[in-house]
file start_20.cif (mmCIF, C-alpha atoms; chains and numbers go by the auth columns)
data_model
#
loop_
_atom_site.group_PDB
_atom_site.id
_atom_site.type_symbol
_atom_site.label_atom_id
_atom_site.label_comp_id
_atom_site.label_asym_id
_atom_site.label_seq_id
_atom_site.Cartn_x
_atom_site.Cartn_y
_atom_site.Cartn_z
_atom_site.B_iso_or_equiv
_atom_site.auth_seq_id
_atom_site.auth_asym_id
ATOM 1 C CA MET A 1 31.050 6.655 -7.403 0.00 25 A
ATOM 2 C CA ILE A 2 29.842 3.434 -8.989 0.00 26 A
ATOM 3 C CA LYS A 3 31.795 0.409 -7.791 0.00 27 A
ATOM 4 C CA ALA A 4 29.601 -2.459 -9.012 0.00 28 A
ATOM 5 C CA VAL A 5 27.201 -3.253 -11.835 0.00 29 A
ATOM 6 C CA LEU A 6 24.878 -6.237 -11.558 0.00 30 A
ATOM 7 C CA PHE A 7 22.695 -7.741 -14.246 0.00 31 A
ATOM 8 C CA ASP A 8 19.634 -9.871 -14.717 0.00 32 A
ATOM 9 C CA LEU A 9 20.220 -12.681 -17.250 0.00 33 A
ATOM 10 C CA ASP A 10 17.152 -13.463 -19.392 0.00 34 A
ATOM 11 C CA GLY A 11 16.041 -10.490 -21.447 0.00 35 A
ATOM 12 C CA THR A 12 19.029 -8.451 -20.295 0.00 36 A
ATOM 13 C CA LEU A 13 22.237 -10.261 -21.248 0.00 37 A
ATOM 14 C CA LEU A 14 20.663 -13.241 -22.997 0.00 38 A
ATOM 15 C CA ASN A 15 18.324 -12.448 -25.873 0.00 39 A
ATOM 16 C CA ARG A 16 15.837 -14.982 -24.612 0.00 40 A
ATOM 17 C CA ASP A 17 13.194 -14.394 -27.278 0.00 41 A
ATOM 18 C CA ALA A 18 15.643 -15.094 -30.099 0.00 42 A
ATOM 19 C CA SER A 19 17.245 -17.980 -28.201 0.00 43 A
ATOM 20 C CA VAL A 20 13.927 -19.705 -27.485 0.00 44 A
ATOM 21 C CA LYS A 21 12.806 -19.364 -31.087 0.00 45 A
ATOM 22 C CA HIS A 22 16.110 -20.793 -32.307 0.00 46 A
ATOM 23 C CA PHE A 23 15.847 -23.655 -29.822 0.00 47 A
ATOM 24 C CA ILE A 24 12.269 -24.649 -30.618 0.00 48 A
ATOM 25 C CA GLU A 25 12.999 -24.616 -34.349 0.00 49 A
ATOM 26 C CA SER A 26 15.975 -26.907 -33.777 0.00 50 A
ATOM 27 C CA GLN A 27 13.966 -29.157 -31.448 0.00 51 A
ATOM 28 C CA TYR A 28 11.314 -29.634 -34.097 0.00 52 A
ATOM 29 C CA ASP A 29 13.955 -30.540 -36.678 0.00 53 A
ATOM 30 C CA ARG A 30 15.841 -32.793 -34.262 0.00 54 A
ATOM 31 C CA LEU A 31 12.714 -34.693 -33.199 0.00 55 A
ATOM 32 C CA ILE A 32 10.897 -34.596 -36.519 0.00 56 A
ATOM 33 C CA GLU A 33 10.132 -38.335 -36.391 0.00 57 A
ATOM 34 C CA TYR A 34 7.870 -37.678 -33.389 0.00 58 A
ATOM 35 C CA LEU A 35 6.490 -34.288 -34.442 0.00 59 A
ATOM 36 C CA SER A 36 6.040 -34.509 -38.209 0.00 60 A
ATOM 37 C CA HIS A 37 2.237 -34.625 -37.942 0.00 61 A
ATOM 38 C CA ILE A 38 2.331 -31.045 -36.616 0.00 62 A
ATOM 39 C CA PRO A 39 3.078 -28.130 -38.968 0.00 63 A
ATOM 40 C CA GLN A 40 6.385 -26.646 -37.872 0.00 64 A
ATOM 41 C CA GLU A 41 5.143 -23.066 -37.568 0.00 65 A
ATOM 42 C CA GLN A 42 2.181 -24.212 -35.511 0.00 66 A
ATOM 43 C CA TYR A 43 4.440 -26.129 -33.101 0.00 67 A
ATOM 44 C CA ILE A 44 6.758 -23.156 -32.758 0.00 68 A
ATOM 45 C CA SER A 45 4.071 -20.513 -32.318 0.00 69 A
ATOM 46 C CA ARG A 46 2.142 -22.548 -29.730 0.00 70 A
ATOM 47 C CA PHE A 47 5.291 -23.252 -27.721 0.00 71 A
ATOM 48 C CA LEU A 48 6.150 -19.552 -27.639 0.00 72 A
ATOM 49 C CA GLU A 49 2.601 -18.680 -26.600 0.00 73 A
ATOM 50 C CA LEU A 50 2.534 -21.226 -23.773 0.00 74 A
ATOM 51 C CA ASP A 51 6.055 -20.316 -22.643 0.00 75 A
ATOM 52 C CA ASN A 52 4.924 -16.745 -21.931 0.00 76 A
ATOM 53 C CA LYS A 53 8.466 -15.330 -22.107 0.00 77 A
ATOM 54 C CA GLY A 54 9.724 -17.953 -19.667 0.00 78 A
ATOM 55 C CA TYR A 55 7.225 -17.274 -16.900 0.00 79 A
ATOM 56 C CA VAL A 56 5.569 -20.686 -17.386 0.00 80 A
ATOM 57 C CA TRP A 57 7.839 -23.581 -16.604 0.00 81 A
ATOM 58 C CA LYS A 58 8.393 -26.103 -19.365 0.00 82 A
ATOM 59 C CA ASP A 59 6.833 -29.122 -17.655 0.00 83 A
ATOM 60 C CA ILE A 60 3.476 -27.360 -18.010 0.00 84 A
ATOM 61 C CA VAL A 61 4.280 -26.201 -21.543 0.00 85 A
ATOM 62 C CA TYR A 62 5.203 -29.658 -22.790 0.00 86 A
ATOM 63 C CA GLN A 63 2.274 -31.366 -21.083 0.00 87 A
ATOM 64 C CA GLN A 64 -0.042 -28.924 -22.822 0.00 88 A
ATOM 65 C CA LEU A 65 1.677 -29.401 -26.182 0.00 89 A
ATOM 66 C CA THR A 66 1.458 -33.191 -26.040 0.00 90 A
ATOM 67 C CA GLU A 67 -2.252 -32.984 -25.220 0.00 91 A
ATOM 68 C CA GLU A 68 -3.159 -30.392 -27.840 0.00 92 A
ATOM 69 C CA PHE A 69 -1.163 -31.925 -30.679 0.00 93 A
ATOM 70 C CA TYR A 70 -1.770 -35.586 -29.768 0.00 94 A
ATOM 71 C CA ILE A 71 1.943 -36.258 -29.398 0.00 95 A
ATOM 72 C CA ASN A 72 2.130 -39.889 -28.302 0.00 96 A
ATOM 73 C CA LEU A 73 5.369 -41.205 -29.802 0.00 97 A
ATOM 74 C CA ILE A 74 7.454 -39.233 -27.323 0.00 98 A
ATOM 75 C CA THR A 75 6.599 -38.221 -23.750 0.00 99 A
ATOM 76 C CA TRP A 76 6.413 -34.693 -22.435 0.00 100 A
ATOM 77 C CA GLU A 77 9.166 -35.684 -19.990 0.00 101 A
ATOM 78 C CA ALA A 78 11.453 -36.539 -22.914 0.00 102 A
ATOM 79 C CA LEU A 79 10.671 -33.235 -24.595 0.00 103 A
ATOM 80 C CA LEU A 80 11.444 -31.427 -21.348 0.00 104 A
ATOM 81 C CA GLN A 81 14.712 -33.324 -20.976 0.00 105 A
ATOM 82 C CA ASP A 82 15.661 -32.297 -24.490 0.00 106 A
ATOM 83 C CA TYR A 83 14.980 -28.679 -23.540 0.00 107 A
ATOM 84 C CA MET A 84 17.148 -28.948 -20.434 0.00 108 A
ATOM 85 C CA GLU A 85 20.032 -30.531 -22.341 0.00 109 A
ATOM 86 C CA GLN A 86 19.904 -28.579 -25.573 0.00 110 A
ATOM 87 C CA PHE A 87 18.753 -25.041 -24.807 0.00 111 A
ATOM 88 C CA HIS A 88 22.204 -23.693 -23.948 0.00 112 A
ATOM 89 C CA LYS A 89 23.404 -24.621 -27.433 0.00 113 A
ATOM 90 C CA ASN A 90 20.984 -22.032 -28.811 0.00 114 A
ATOM 91 C CA CYS A 91 21.864 -19.060 -26.598 0.00 115 A
ATOM 92 C CA ILE A 92 22.027 -15.745 -28.425 0.00 116 A
ATOM 93 C CA PRO A 93 23.499 -12.698 -26.639 0.00 117 A
ATOM 94 C CA PHE A 94 22.318 -9.141 -26.969 0.00 118 A
ATOM 95 C CA PRO A 95 24.647 -6.894 -28.991 0.00 119 A
ATOM 96 C CA ASN A 96 27.767 -5.567 -27.266 0.00 120 A
ATOM 97 C CA LEU A 97 27.541 -8.035 -24.390 0.00 121 A
ATOM 98 C CA LYS A 98 31.185 -9.085 -24.044 0.00 122 A
ATOM 99 C CA GLN A 99 32.527 -5.674 -25.012 0.00 123 A
ATOM 100 C CA THR A 100 30.447 -3.971 -22.305 0.00 124 A
ATOM 101 C CA LEU A 101 31.435 -6.413 -19.581 0.00 125 A
ATOM 102 C CA THR A 102 35.097 -6.242 -20.566 0.00 126 A
ATOM 103 C CA GLN A 103 35.092 -2.448 -20.518 0.00 127 A
ATOM 104 C CA LEU A 104 33.438 -2.396 -17.099 0.00 128 A
ATOM 105 C CA LYS A 105 36.159 -4.710 -15.809 0.00 129 A
ATOM 106 C CA SER A 106 38.833 -2.460 -17.310 0.00 130 A
ATOM 107 C CA LYS A 107 37.414 0.385 -15.199 0.00 131 A
ATOM 108 C CA SER A 108 37.888 -1.753 -12.053 0.00 132 A
ATOM 109 C CA ILE A 109 34.132 -2.054 -11.619 0.00 133 A
ATOM 110 C CA ARG A 110 32.959 -5.295 -10.063 0.00 134 A
ATOM 111 C CA ILE A 111 30.228 -7.079 -11.993 0.00 135 A
ATOM 112 C CA GLY A 112 27.738 -9.800 -11.230 0.00 136 A
ATOM 113 C CA VAL A 113 24.527 -11.592 -12.106 0.00 137 A
ATOM 114 C CA ILE A 114 21.380 -12.067 -10.051 0.00 138 A
ATOM 115 C CA THR A 115 18.902 -14.266 -11.887 0.00 139 A
ATOM 116 C CA ASN A 116 15.878 -16.368 -11.138 0.00 140 A
ATOM 117 C CA GLY A 117 15.782 -19.905 -12.500 0.00 141 A
ATOM 118 C CA LEU A 118 17.234 -23.377 -12.144 0.00 142 A
ATOM 119 C CA GLY A 119 20.852 -23.382 -11.080 0.00 143 A
ATOM 120 C CA GLN A 120 22.598 -25.647 -13.562 0.00 144 A
ATOM 121 C CA PHE A 121 20.340 -24.589 -16.423 0.00 145 A
ATOM 122 C CA GLN A 122 21.125 -20.901 -15.951 0.00 146 A
ATOM 123 C CA MET A 123 24.820 -21.556 -15.373 0.00 147 A
ATOM 124 C CA ASP A 124 24.975 -23.541 -18.611 0.00 148 A
ATOM 125 C CA ASN A 125 23.455 -20.548 -20.406 0.00 149 A
ATOM 126 C CA ILE A 126 25.965 -18.139 -18.856 0.00 150 A
ATOM 127 C CA ARG A 127 28.808 -20.408 -19.925 0.00 151 A
ATOM 128 C CA ALA A 128 27.341 -20.745 -23.407 0.00 152 A
ATOM 129 C CA LEU A 129 27.519 -16.956 -23.725 0.00 153 A
ATOM 130 C CA GLY A 130 31.216 -17.164 -22.826 0.00 154 A
ATOM 131 C CA ILE A 131 30.978 -14.655 -19.959 0.00 155 A
ATOM 132 C CA GLU A 132 31.246 -16.690 -16.746 0.00 156 A
ATOM 133 C CA SER A 133 34.852 -15.691 -16.048 0.00 157 A
ATOM 134 C CA LEU A 134 34.006 -11.987 -16.244 0.00 158 A
ATOM 135 C CA PHE A 135 31.722 -12.027 -13.201 0.00 159 A
ATOM 136 C CA ASP A 136 32.771 -11.512 -9.611 0.00 160 A
ATOM 137 C CA VAL A 137 29.521 -12.986 -8.305 0.00 161 A
ATOM 138 C CA ILE A 138 26.773 -15.141 -9.834 0.00 162 A
ATOM 139 C CA LEU A 139 23.619 -15.748 -7.798 0.00 163 A
ATOM 140 C CA ILE A 140 20.910 -18.060 -9.191 0.00 164 A
ATOM 141 C CA SER A 141 17.671 -18.325 -7.256 0.00 165 A
ATOM 142 C CA GLU A 142 17.451 -22.125 -7.077 0.00 166 A
ATOM 143 C CA TRP A 143 20.934 -22.429 -5.610 0.00 167 A
ATOM 144 C CA GLU A 144 20.404 -19.507 -3.240 0.00 168 A
ATOM 145 C CA GLY A 145 16.997 -20.627 -2.007 0.00 169 A
ATOM 146 C CA ILE A 146 15.659 -17.099 -2.571 0.00 170 A
ATOM 147 C CA LYS A 147 14.470 -15.348 -5.694 0.00 171 A
ATOM 148 C CA LYS A 148 13.904 -11.852 -6.957 0.00 172 A
ATOM 149 C CA PRO A 149 12.261 -9.603 -5.921 0.00 173 A
ATOM 150 C CA ASN A 150 13.242 -10.815 -2.412 0.00 174 A
ATOM 151 C CA GLN A 151 15.711 -8.292 -1.012 0.00 175 A
ATOM 152 C CA ALA A 152 17.874 -10.994 0.530 0.00 176 A
ATOM 153 C CA ILE A 153 19.361 -12.062 -2.797 0.00 177 A
ATOM 154 C CA PHE A 154 20.371 -8.469 -3.589 0.00 178 A
ATOM 155 C CA ARG A 155 21.859 -7.981 -0.129 0.00 179 A
ATOM 156 C CA LYS A 156 23.892 -11.168 -0.523 0.00 180 A
ATOM 157 C CA ALA A 157 25.313 -10.023 -3.848 0.00 181 A
ATOM 158 C CA LEU A 158 26.270 -6.621 -2.455 0.00 182 A
ATOM 159 C CA SER A 159 27.849 -8.246 0.595 0.00 183 A
ATOM 160 C CA GLU A 160 29.915 -10.610 -1.536 0.00 184 A
ATOM 161 C CA LEU A 161 31.073 -7.704 -3.691 0.00 185 A
ATOM 162 C CA GLY A 162 31.795 -5.528 -0.656 0.00 186 A
ATOM 163 C CA VAL A 163 29.885 -2.518 -1.971 0.00 187 A
ATOM 164 C CA ALA A 164 27.096 -0.340 -0.634 0.00 188 A
ATOM 165 C CA PRO A 165 23.711 -0.212 -2.407 0.00 189 A
ATOM 166 C CA HIS A 166 24.157 3.404 -3.524 0.00 190 A
ATOM 167 C CA GLU A 167 27.490 2.453 -5.116 0.00 191 A
ATOM 168 C CA SER A 168 25.871 -0.166 -7.323 0.00 192 A
ATOM 169 C CA ILE A 169 23.692 -0.401 -10.418 0.00 193 A
ATOM 170 C CA TYR A 170 21.232 -3.182 -11.202 0.00 194 A
ATOM 171 C CA ILE A 171 20.052 -3.718 -14.777 0.00 195 A
ATOM 172 C CA GLY A 172 17.076 -5.830 -15.793 0.00 196 A
ATOM 173 C CA ASP A 173 14.027 -5.962 -18.022 0.00 197 A
ATOM 174 C CA HIS A 174 11.232 -6.689 -15.517 0.00 198 A
ATOM 175 C CA PRO A 175 9.479 -3.802 -13.705 0.00 199 A
ATOM 176 C CA ILE A 176 8.915 -5.732 -10.466 0.00 200 A
ATOM 177 C CA ASN A 177 11.630 -8.392 -10.225 0.00 201 A
ATOM 178 C CA ASP A 178 14.350 -6.057 -11.450 0.00 202 A
ATOM 179 C CA VAL A 179 13.531 -2.354 -11.304 0.00 203 A
ATOM 180 C CA LYS A 180 11.338 -2.158 -8.204 0.00 204 A
ATOM 181 C CA ALA A 181 13.460 -4.754 -6.404 0.00 205 A
ATOM 182 C CA ALA A 182 16.642 -2.778 -7.110 0.00 206 A
ATOM 183 C CA ASN A 183 14.969 0.438 -5.951 0.00 207 A
ATOM 184 C CA ASN A 184 13.870 -1.237 -2.738 0.00 208 A
ATOM 185 C CA ALA A 185 17.415 -2.479 -2.179 0.00 209 A
ATOM 186 C CA GLY A 186 18.707 1.076 -2.446 0.00 210 A
ATOM 187 C CA MET A 187 20.497 0.426 -5.725 0.00 211 A
ATOM 188 C CA ILE A 188 20.411 2.524 -8.873 0.00 212 A
ATOM 189 C CA SER A 189 17.876 0.839 -11.141 0.00 213 A
ATOM 190 C CA VAL A 190 18.232 0.549 -14.893 0.00 214 A
ATOM 191 C CA LEU A 191 15.540 -0.853 -17.153 0.00 215 A
ATOM 192 C CA LYS A 192 16.665 -2.601 -20.320 0.00 216 A
ATOM 193 C CA ARG A 193 13.720 -1.711 -22.479 0.00 217 A
ATOM 194 C CA ASP A 194 11.384 -4.538 -23.477 0.00 218 A
ATOM 195 C CA ASP A 195 8.193 -3.907 -25.397 0.00 219 A
ATOM 196 C CA THR A 196 6.376 -6.395 -23.164 0.00 220 A
ATOM 197 C CA TRP A 197 6.617 -4.284 -20.020 0.00 221 A
ATOM 198 C CA SER A 198 5.929 -0.683 -19.146 0.00 222 A
ATOM 199 C CA CYS A 199 7.814 0.866 -16.250 0.00 223 A
ATOM 200 C CA ASP A 200 8.054 4.385 -14.861 0.00 224 A
ATOM 201 C CA ASP A 201 10.122 3.591 -11.779 0.00 225 A
ATOM 202 C CA ALA A 202 13.581 3.069 -13.258 0.00 226 A
ATOM 203 C CA ASP A 203 16.292 5.622 -12.593 0.00 227 A
ATOM 204 C CA PHE A 204 17.540 5.087 -16.149 0.00 228 A
ATOM 205 C CA ILE A 205 16.330 3.290 -19.283 0.00 229 A
ATOM 206 C CA ILE A 206 18.653 1.768 -21.886 0.00 230 A
ATOM 207 C CA ASP A 207 18.146 0.057 -25.222 0.00 231 A
ATOM 208 C CA ASP A 208 21.673 -1.290 -25.700 0.00 232 A
ATOM 209 C CA LEU A 209 24.043 -2.764 -23.133 0.00 233 A
ATOM 210 C CA SER A 210 26.813 -0.407 -24.161 0.00 234 A
ATOM 211 C CA GLU A 211 24.782 2.474 -22.708 0.00 235 A
ATOM 212 C CA VAL A 212 25.642 1.146 -19.248 0.00 236 A
ATOM 213 C CA LEU A 213 29.163 2.495 -19.706 0.00 237 A
ATOM 214 C CA LYS A 214 27.809 6.060 -19.712 0.00 238 A
ATOM 215 C CA LEU A 215 26.365 5.481 -16.234 0.00 239 A
ATOM 216 C CA THR A 216 29.690 4.515 -14.693 0.00 240 A
#

call {"tool": "encode", "arguments": {"input": "start_20.cif", "output": "structure tokens"}}
result
Amino acid sequence: MIKAVLFDLDGTLLNRDASVKHFIESQYDRLIEYLSHIPQEQYISRFLELDNKGYVWKDIVYQQLTEEFYINLITWEALLQDYMEQFHKNCIPFPNLKQTLTQLKSKSIRIGVITNGLGQFQMDNIRALGIESLFDVILISEWEGIKKPNQAIFRKALSELGVAPHESIYIGDHPINDVKAANNAGMISVLKRDDTWSCDDADFIIDDLSEVLKLT
């Protein structure tokens, strides 16, 4: 019997690709006085390339951008600060996010998030999606001092929820940090399909969050 369902955040609940594109378009428009010498599409495409789906932190991204595009009217630190303060205003959820979480709660299933990233930044994104109150546990790597795929962060979540590994499902988009880590923790692993990764280790594969309901 499934008693708990836990989720990754970026690429699982948050449509990060769409959110990042929306953010960088708005940043260009917002800071046009400093960036107007760069064609908008070039600024956007290079940011997305350097960002590498979030696996390169933005201090490196913005340093590279300022060097390549000869941005000297605003510092990379200021661009990074803008990212930290404004990104959550651009968060776009995947379809059926709130409906799925609400239906899981109605079935008395405990739900949570285990995500890598900076604490306040990720919490701001969760709140921007309007889902914070639906979770029984939220673990963010910076605040926990451990990050996926380390088993300790999964064990802590299960302990806080009071459920055994085999009674729980973990859903994520990354083959190592999510699927393999959940398998190693003894949880049922679910891959939310992403064209970037290939993975043969997941117990289940879904394309839409609502498919989780069939597994519970």

call {"tool": "axis_aligned_box", "arguments": {"input": "start_20.cif", "around": "stretch 204-222 of chain A", "padding_each_side": "6 Å", "output": "AutoDock Vina command-line options"}}
result
--center_x 13.2 --center_y -1.9 --center_z -13.8 --size_x 26.6 --size_y 20.9 --size_z 35.2

call {"tool": "atom_distance", "arguments": {"input": "start_20.cif", "atom1": "atom CA of A:Gln110", "atom2": "atom CA of A:Val85"}}
result
16.3 Å

call {"tool": "atom_distance", "arguments": {"input": "start_20.cif", "atom1": "atom CA of A:Tyr58", "atom2": "atom CA of A:Ser43"}}
result
22.4 Å

call {"tool": "resolve_selection", "arguments": {"input": "start_20.cif", "expression": "the PyMOL selection byres ((chain A and resi 194) around 7)", "output": "number ranges by chain"}}
result
A: 29-31, 192-193, 195-196, 206, 211-214

call {"tool": "closest_residue", "arguments": {"input": "start_20.cif", "among": "A:Leu33, A:Ala205, A:Ile98, A:Ile135", "to": "A:Phe118", "atoms": "all atoms listed in the file"}}
result
A:Leu33

call {"tool": "atom_distance", "arguments": {"input": "start_20.cif", "atom1": "atom CA of A:Lys180", "atom2": "atom CA of A:Asp32"}}
result
14.9 Å

call {"tool": "residues_around", "arguments": {"input": "start_20.cif", "residues": "A:Gly143", "least_positions_apart": "5", "cutoff": "9 Å", "atoms": "only C-alpha atoms", "output": "compact mmCIF listing (two decimals) with C-alpha atoms, in the coordinates of the input"}}
result
# COMPACT_ATOMS: atom_id res chain seq x y z
CA ASP A 148 24.98 -23.54 -18.61
CA LEU A 163 23.62 -15.75 -7.80
CA ILE A 164 20.91 -18.06 -9.19
CA SER A 165 17.67 -18.32 -7.26
CA GLU A 166 17.45 -22.12 -7.08
CA TRP A 167 20.93 -22.43 -5.61
CA GLU A 168 20.40 -19.51 -3.24

call {"tool": "resolve_selection", "arguments": {"input": "start_20.cif", "expression": "the PyMOL selection byres ((chain A and resi 35) around 10)", "output": "number ranges by chain"}}
result
A: 32-34, 36-42, 77-78, 117-118, 196-198, 216-218

call {"tool": "residues_near_point", "arguments": {"input": "start_20.cif", "point": "(8.4, -26.8, -26.7)", "cutoff": "6 Å", "atoms": "all atoms listed in the file", "output": "number ranges by chain"}}
result
A: 48, 71, 86

call {"tool": "closest_residue", "arguments": {"input": "start_20.cif", "among": "A:Gly141, A:Thr90, A:Leu158, A:Asn208", "to": "A:Thr124", "atoms": "all atoms listed in the file"}}
result
A:Leu158

call {"tool": "closest_atom_pairs", "arguments": {"input": "start_20.cif", "of": "stretch 60-156 of chain A", "to": "stretch 224-239 of chain A", "cutoff": "10 Å", "atoms": "only C-alpha atoms", "output": "CSV"}}
result
residue,atom,partner,partner_atom,distance
A:Phe118,CA,A:Leu233,CA,7.6
A:Pro119,CA,A:Asp232,CA,7.1
A:Asn120,CA,A:Ser234,CA,6.1
A:Leu121,CA,A:Leu233,CA,6.4
A:Lys122,CA,A:Leu233,CA,9.6
A:Gln123,CA,A:Ser234,CA,7.8
A:Thr124,CA,A:Ser234,CA,5.4
A:Leu125,CA,A:Ser234,CA,8.9
A:Gln127,CA,A:Leu237,CA,7.8
A:Leu128,CA,A:Leu237,CA,7.0
A:Lys131,CA,A:Leu237,CA,9.6

call {"tool": "build_atoms", "arguments": {"input": "start_20.cif", "residues": "stretch 142-153 of chain A", "atoms": "N, CA and C atoms", "output": "mmCIF file, in the coordinates of the input"}}
result
data_model
loop_
_atom_site.group_PDB
_atom_site.id
_atom_site.type_symbol
_atom_site.label_atom_id
_atom_site.label_comp_id
_atom_site.auth_asym_id
_atom_site.auth_seq_id
_atom_site.Cartn_x
_atom_site.Cartn_y
_atom_site.Cartn_z
ATOM 1 N N LEU A 142 16.563 -22.165 -12.609
ATOM 2 C CA LEU A 142 17.234 -23.377 -12.144
ATOM 3 C C LEU A 142 18.746 -23.199 -12.237
ATOM 4 N N GLY A 143 19.433 -23.654 -11.200
ATOM 5 C CA GLY A 143 20.852 -23.382 -11.080
ATOM 6 C C GLY A 143 21.701 -23.836 -12.253
ATOM 7 N N GLN A 144 21.725 -25.137 -12.517
ATOM 8 C CA GLN A 144 22.598 -25.647 -13.562
ATOM 9 C C GLN A 144 22.173 -25.160 -14.933
ATOM 10 N N PHE A 145 20.866 -25.058 -15.134
ATOM 11 C CA PHE A 145 20.340 -24.589 -16.423
ATOM 12 C C PHE A 145 20.833 -23.180 -16.712
ATOM 13 N N GLN A 146 20.703 -22.281 -15.740
ATOM 14 C CA GLN A 146 21.125 -20.901 -15.951
ATOM 15 C C GLN A 146 22.645 -20.792 -16.063
ATOM 16 N N MET A 147 23.365 -21.593 -15.279
ATOM 17 C CA MET A 147 24.820 -21.556 -15.373
ATOM 18 C C MET A 147 25.295 -22.046 -16.741
ATOM 19 N N ASP A 148 24.635 -23.064 -17.271
ATOM 20 C CA ASP A 148 24.975 -23.541 -18.611
ATOM 21 C C ASP A 148 24.776 -22.434 -19.647
ATOM 22 N N ASN A 149 23.724 -21.644 -19.468
ATOM 23 C CA ASN A 149 23.455 -20.548 -20.406
ATOM 24 C C ASN A 149 24.514 -19.452 -20.289
ATOM 25 N N ILE A 150 24.903 -19.136 -19.068
ATOM 26 C CA ILE A 150 25.965 -18.139 -18.856
ATOM 27 C C ILE A 150 27.266 -18.606 -19.509
ATOM 28 N N ARG A 151 27.581 -19.868 -19.320
ATOM 29 C CA ARG A 151 28.808 -20.408 -19.925
ATOM 30 C C ARG A 151 28.717 -20.431 -21.444
ATOM 31 N N ALA A 152 27.519 -20.722 -21.957
ATOM 32 C CA ALA A 152 27.341 -20.745 -23.407
ATOM 33 C C ALA A 152 27.570 -19.366 -24.019
ATOM 34 N N LEU A 153 27.281 -18.320 -23.255
ATOM 35 C CA LEU A 153 27.519 -16.956 -23.725
ATOM 36 C C LEU A 153 28.998 -16.571 -23.623
#
